[in-house]
Each structure stands twice: as C-alpha cells, then as structure tokens.
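The structure appears below as structure tokens.
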Amino acid sequence: MRIVVDYDLCESNAICMQIAPDVFEVRDDDFLYVLNETPGEDRRAVMDEAAQRCPKQAIRVED
Amino acid sequence: MPVRDSVTIVGASLAGLRAAETLRRDGFEGRLTLIGDEPHVPYDRPPLSKQLLAGDWDVDRISLSQPERMAGLDLDLRLGQRATALDVPAHTVDIEGVAEGYDGLLIATGARCRTLPGTEGIAGVHTLRTLDDGIAIRDALRSGSRRVVVVGAGFIGAEVAATALGYGLPVTLVEALPVPMGRVLGDTVGDVVAGVHVDNGMDLRCGVGVDEVCGTDRVESVRLSDGAVVEADLVVVGIGVVPNTEWLQGSGLTVDDGVLCDETCLAAPDVTAAGDVARWPNPRYGEVMRVEHWDNAVEQGAHAARRLMLSDEEAEPFSPVPWFWSDQYDRKVQMAGRPRADDEVSVVDGSFEERRFTAIYGRDGRLTAVFGMNRPRQVMQYRGLLERGASWSEALEFARDQT
C-alpha cells in the first residue's frame with residue numbers, strides 16, 4: 001500500500017493528520033508532509049478514511 | 001441484522017455518494033440505486049464559489065469520483081430524475097411518478113437557496129448552489145460584468161465576493177449582521193474576517209439589509225436599508241438554504257426544517273437521512289441540529305448508510321463535532337465545534353493583526369469551539385480536545401504547553 005498526495009490539490013486542511021498523525025503531518029509552514037508513504041496493510045481502513053475525509057480529495061491509497 | 005436486497009439513495013451529491021461507497025465497502029451486494037435530479041455525475045460543491053468561479057478549474061476537475069471507481073460501485077444511477085413521493089409503510093418511493101420498492105431508503109436531498117422576494121425574472125440576479133449556477137455566475141463575471149453586489153456575507157456570499165474581486169471588479173458585500181459570518185463566528189472573530197475583506201479592497205457594508213433589487217428586465221442597482229443605492233449588473237444572493245423536503249409530504253415522516261431523525265439518523269423504520277436535509281439530536285450537545293457543512297455530509301452519509309444495515313439494538317448515535325473550512329483570498333479559515341454568540345473567546349496563538357491566529361471558545365467551563373485563520377494544524381489539535389469533551393482550563397493548559 002502506498003500513500004500518494006496530489007500537492008496541487010492539497011490545501012493543508014489537516015483532517016488526515018487528525019485521523020493518522022503517524023502518517024500525515026501539517027507543519028507550521030502550512031504544508032503537508034507524509035511521514036510514512038508505505039504504512040502497513042493493517043492501516044488500510046484508516047488510510048481509506050483519511051482519503052475519503054480529505055476535503056480536497058487529494059489523497060490516494062494505491063496498491 | 002436486517003436483511004436487505006435493495007437500497008435506494010435519494011440525492012446524488014456528497015452525502016448520497018459517500019453513503020453508496022460505504023455500503024459497498026461494508027460488503028452490501030444487493031441492488032443499489034442512486035437518484036439525483038441534476039444531470040451531472042456527483043460533483044464537489046466547495047469549488048463552485050472558488051476555483052470554478054475563478055475560472056481556475058474546469059468542470060471535469062470537480063467530479064467526486066473517478067469513472068472507474070463509480071463503475072466499481074455497480075450503481076443503478078438515475079441522473080436527471082426526481083423522487084416525488086415516499087410511502088413508508090408500503091416501502092415504495094415514486095421516481096418520476098413511478099412507484100419503486102425498496103428495502104432500505106436513505107434521504108439525502110439536500111437543500112436549495114433562499115431567494116430574495118421580488119427578484120424572480122430579473123436577469124443578472126443569481127444564487128449559487130449547483131454546478132449550473134456556478135457556470136452562469138462565472139460566465140457573467142467573464143463576459144463583461146462591471147459591478148457586483150453580493151447579498152449575505154455567510155460562507156457562500158463571502159467566498160463569491162472574494163472570488164469576484166479577483167476579476168478586478170468593484171464588489172459590494174452586504175450583510176445584515178454586524179460582521180461577516182457572525183452567526184457562527186461571533187463578533188470578535190467576525191470582525192477580523194471583516195478586516196480581511198476590507199484589506200483586499202472589498203466594499204463591505206455590514207448591519208444593512210436589502211430593500212429592493214431594482215431593474216425591470218435586467219438588474220440595475222440594489223437599494224439598501226440605509227438608503228444607499230449601489231449600482232450592479234450582477235447580483236449574487238447568499239442568504240441561506242431551505243431543506244428539500246416537499247416531496248415527503250404525506251410520507252408519514254416528521255418534517256420540521258429538515259427530516260427529523262433519531263440519534264442514529266433513523267427517520268422511520270428502514271429510512272435514514274443524511275447531510276443538509278437531516279435534523280437529528282446530537283447527543284454530544286443535547287441539541288437537535290441540522291448541519292450544512294461538507295464534512296458532515298461525508299460522515300453522516302456513511303453513518304446513515306451503516307444504520308440501514310443495523311438492528312435497533314446495534315445502532316449507535318451520530319455525535320460528531322461539526323467542522324468547516326472556508327477559503328477567502330489567501331486566508332484559510334476553519335472552525336470546529338459549536339460556539340454561541342456570547343461564548344468567551346481567547347486567542348491562543350498568533351494575532352488578529354497578522355491575520356494568522358487560533359482562537360478558542362468556551363462556556364460554562366467547557367471548550368466549545370476552535371477557530372483558526374491559516375492555522376490548520378492547530379485547529380485539528382483542538383478539534384481532538386473537543387472530541388474528548390475537554391474543559392476550558394484543559395484547553396488553556398494545552399495552549400500554554402504549545403508555546
């Protein structure tokens with residue numbers, strides 16, 4: 001599983017960070033950083049939720 | 001768990017689509033019908049007042065789902081069709097006048113814009129809710145509009161006005177309350193939002209109403225309650241919405257400013273509701289509410305979908321902390337929680353002057369809300385506190401630890 005963020009779409013709303021702070025971090029510069037691009041398979045439901053709740057639909061969960 | 005062979009979702013926007021996706025993800029294999037009265041595949045509404053209106057994004061960019069993902073949902077997708085009646089005991093919904101059976105029904109018919117009485121038939125007066133509305137306003141802005149008046153400085157009005165300024169046009173933003181977005185933000189924070197508009201060249205008129213939109217065939221001016229007359233060839237009215245519930249008359253459901261549901265989003269046996277059209281008692285607040293925010297449509301769509309698959313004993317209440325964002329100019333504002341106008345407000349980092357700050361709201365010793373201007377990370381941290389039901393002193397302590 002690979003997390004792909006479209007940074008042209010991302011507006012740093014930080015919803016993903018609240019759902020999975022170990023994977024997504026919005027820092028003081030207002031940019032999103034993906035801390036772990038390949039989370040374990042056991043995190044798939046959480047990653048799906050982060051993708052679905054993203055207001056900009058900027059997160060993709062790829063196989 | 002109730003046995004379901006077929007689920008019908010009425011409303012093909014955000015809540016309806018997320019409901020359909022949730023059902024399939026949770027393993028529902030029966031017939032899944034999604035009905036929408038607009039001709040378009042489900043699309044995202046927030047860009048309508050921003051990227052689409054500015055002309056930065058084309059229509060295909062705002063789709064809510066990729067074609068292959070839509071196909072994977074195996075939907076009976078009925079676009080451009082309208083549900084006209086519901087018979088709860090008989091388990092039928094009339095689609096374009098033809099009764100169709102369902103085992104489970106999810107109502108996500110949303111809301112439509114309020115209009116200013118007397119403006120029907122005057123060209124150049126718009127509301128913004130649908131893609132077609134957005135295209136019409138964008139085309140008016142592109143094709144030589146010279147002066148714009150926006151009525152109402154709530155979310156839609158404030159965003160439309162900000163985007164219209166980006167076309168280099170003079171824009172007047174009229175708001176009946178003392179500050180923009182005042183009903184949600186309160187006066188202290190609303191005043192900062194007012195300052196941002198003025199900084200950017202907005203002609204902001206707060207505390208005034210609209211007496212008349214003047215013009216015979218085409219709009220020519222707007223007369224305000226303080227006597228001022230503002231010339232305009234484009235008027236956008238953003239004065240709130242009305243839930244789309246007329247089709248439910250005689251259905252047996254309780255309709256009162258939306259479809260009234262129980263704590264679990266159930267409106268009647270085998271019928272749930274979600275999104276702008278749903279009113280339900282949120283146990284977190286002990287208050288019956290209807291929430292028009294994007295995130296609520298996503299969450300409630302999923303919750304109401306799952307509710308259809310659960311027995312009364314299994315069902316759980318829907319108790320979110322409301323959250324929204326709004327983008328105006330280069331400022332991103334976000335709020336989580338449910339403040340009241342007279343809540344205590346404390347700025348916990350940044351400052352009003354630099355237009356970059358976090359403010360928390362409190363009442364009766366509880367943290368009630370957080371507002372951020374260009375502070376997404378902080379808003380989400382306090383949102384976590386809100387979800388835990390943190391006290392006001394806990395929130396202040398958290399703020400001290402951050403500095």
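Here, A, B, ... name the chains of the structure tokens in the order displayed, residue numbers run from 1 inside each chain, and ligands are numbered from 1 in the same displayed order.
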Taking only residues of chain B that have an atom at most 7 Å from an atom of chain A, what is each one's shortest atom pair and its distance in Å to one decimal, using only C-alpha atoms, in chain and number order, as a tab-separated table?
residue	atom	partner	partner_atom	distance
B:Val298	CA	A:Arg53	CA	6.9
B:Pro376	CA	A:Asn13	CA	5.4
B:Arg377	CA	A:Val26	CA	5.7
B:Met380	CA	A:Gln18	CA	6.1
Could you write those residues out with C-alpha atoms, as a tab-separated table (two decimals), in the first residue's frame?
chain	number	residue	atom	x	y	z
B	298	VAL	CA	-19.40	12.76	4.38
B	376	PRO	CA	-4.91	24.17	10.08
B	377	ARG	CA	-2.64	22.13	12.33
B	380	MET	CA	-7.11	19.89	14.28
Practice problem: Using DSSP on the backbone coordinates, identify the residues of chain A assigned to strand (DSSP E); present them as an MDAnalysis selection string. | Solution: chainID A and resid 2:5 24:26 32:34 59:62
Exercise. Using only C-alpha atoms, pick whichever of B:Gly258, B:Met202, B:Leu131, B:Pro67 has the shortest atom-to-atom distance to Glu246 in chain B.
Key: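 Of B:Gly258, B:Met202, B:Leu131, B:Pro67, the one nearest Glu246 in chain B is B:Gly258, counting only C-alpha atoms.
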Practice problem: Compile the contact shell of Gly27 in chain B as a ChimeraX atom specification: residues with an atom at most 12 Å away, counting only C-alpha atoms, same-chain residues fewer than 3 positions apart removed. | Solution: /B:4,20-24,30,32,73,305-306,309
Just the alpha helix (DSSP H) stuff from chain A, please, per backbone DSSP, written as a short mmCIF file (atom, residue, chain, number, x, y, z; two decimals) with C-alpha atoms, in the first residue's frame.
data_model
loop_
_atom_site.label_atom_id
_atom_site.label_comp_id
_atom_site.auth_asym_id
_atom_site.auth_seq_id
_atom_site.Cartn_x
_atom_site.Cartn_y
_atom_site.Cartn_z
CA ILE A 15 -8.04 16.31 8.52
CA CYS A 16 -5.71 13.45 7.57
CA MET A 17 -3.36 14.42 10.37
CA GLN A 18 -6.14 14.07 12.89
CA ILE A 19 -7.06 10.65 11.54
CA ARG A 44 -5.76 0.28 5.24
CA ALA A 45 -9.14 1.16 6.76
CA VAL A 46 -7.62 4.20 8.46
CA MET A 47 -5.89 5.30 5.23
CA ASP A 48 -9.14 4.88 3.31
CA GLU A 49 -10.88 7.07 5.85
CA ALA A 50 -8.19 9.74 5.50
CA ALA A 51 -8.61 9.69 1.72
CA GLN A 52 -12.39 9.89 1.90
CA ARG A 53 -12.49 12.64 4.52
#
Quiz prompt | Near-range 78-81 of chain B list (7 Å; only C-alpha atoms; drop same-chain fewer than 3 positions) as a list of chain:residue names | solution = B:Leu34, B:Ile35, B:Gly36, B:Asp37, B:Glu38, B:Pro39, B:His40, B:Ile95, B:Glu96
Would you mind exporting the chosen residues as a PDB file, in the first residue's frame, restricted to C-alpha atoms?
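Okay, selection_20.pdb is ready:
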ATOM      1  CA  LEU B  34     -28.730   6.400  -6.566  1.00  0.00           C
ATOM      2  CA  ILE B  35     -31.138   9.079  -7.768  1.00  0.00           C
ATOM      3  CA  GLY B  36     -30.206  12.688  -8.482  1.00  0.00           C
ATOM      4  CA  ASP B  37     -32.298  15.448 -10.008  1.00  0.00           C
ATOM      5  CA  GLU B  38     -29.266  17.179 -11.534  1.00  0.00           C
ATOM      6  CA  PRO B  39     -27.981  15.820 -14.860  1.00  0.00           C
ATOM      7  CA  HIS B  40     -24.355  15.722 -13.650  1.00  0.00           C
ATOM      8  CA  ILE B  95     -39.358   8.211  -9.077  1.00  0.00           C
ATOM      9  CA  GLU B  96     -40.625  10.477 -11.825  1.00  0.00           C
TER      10      GLU B  96
END
Quiz item: Quick one: of A:Cys10, A:Leu35, A:Met1, A:Val23, who's nearest to Ile59 in chain A, counting only C-alpha atoms?
Solution: A:Cys10
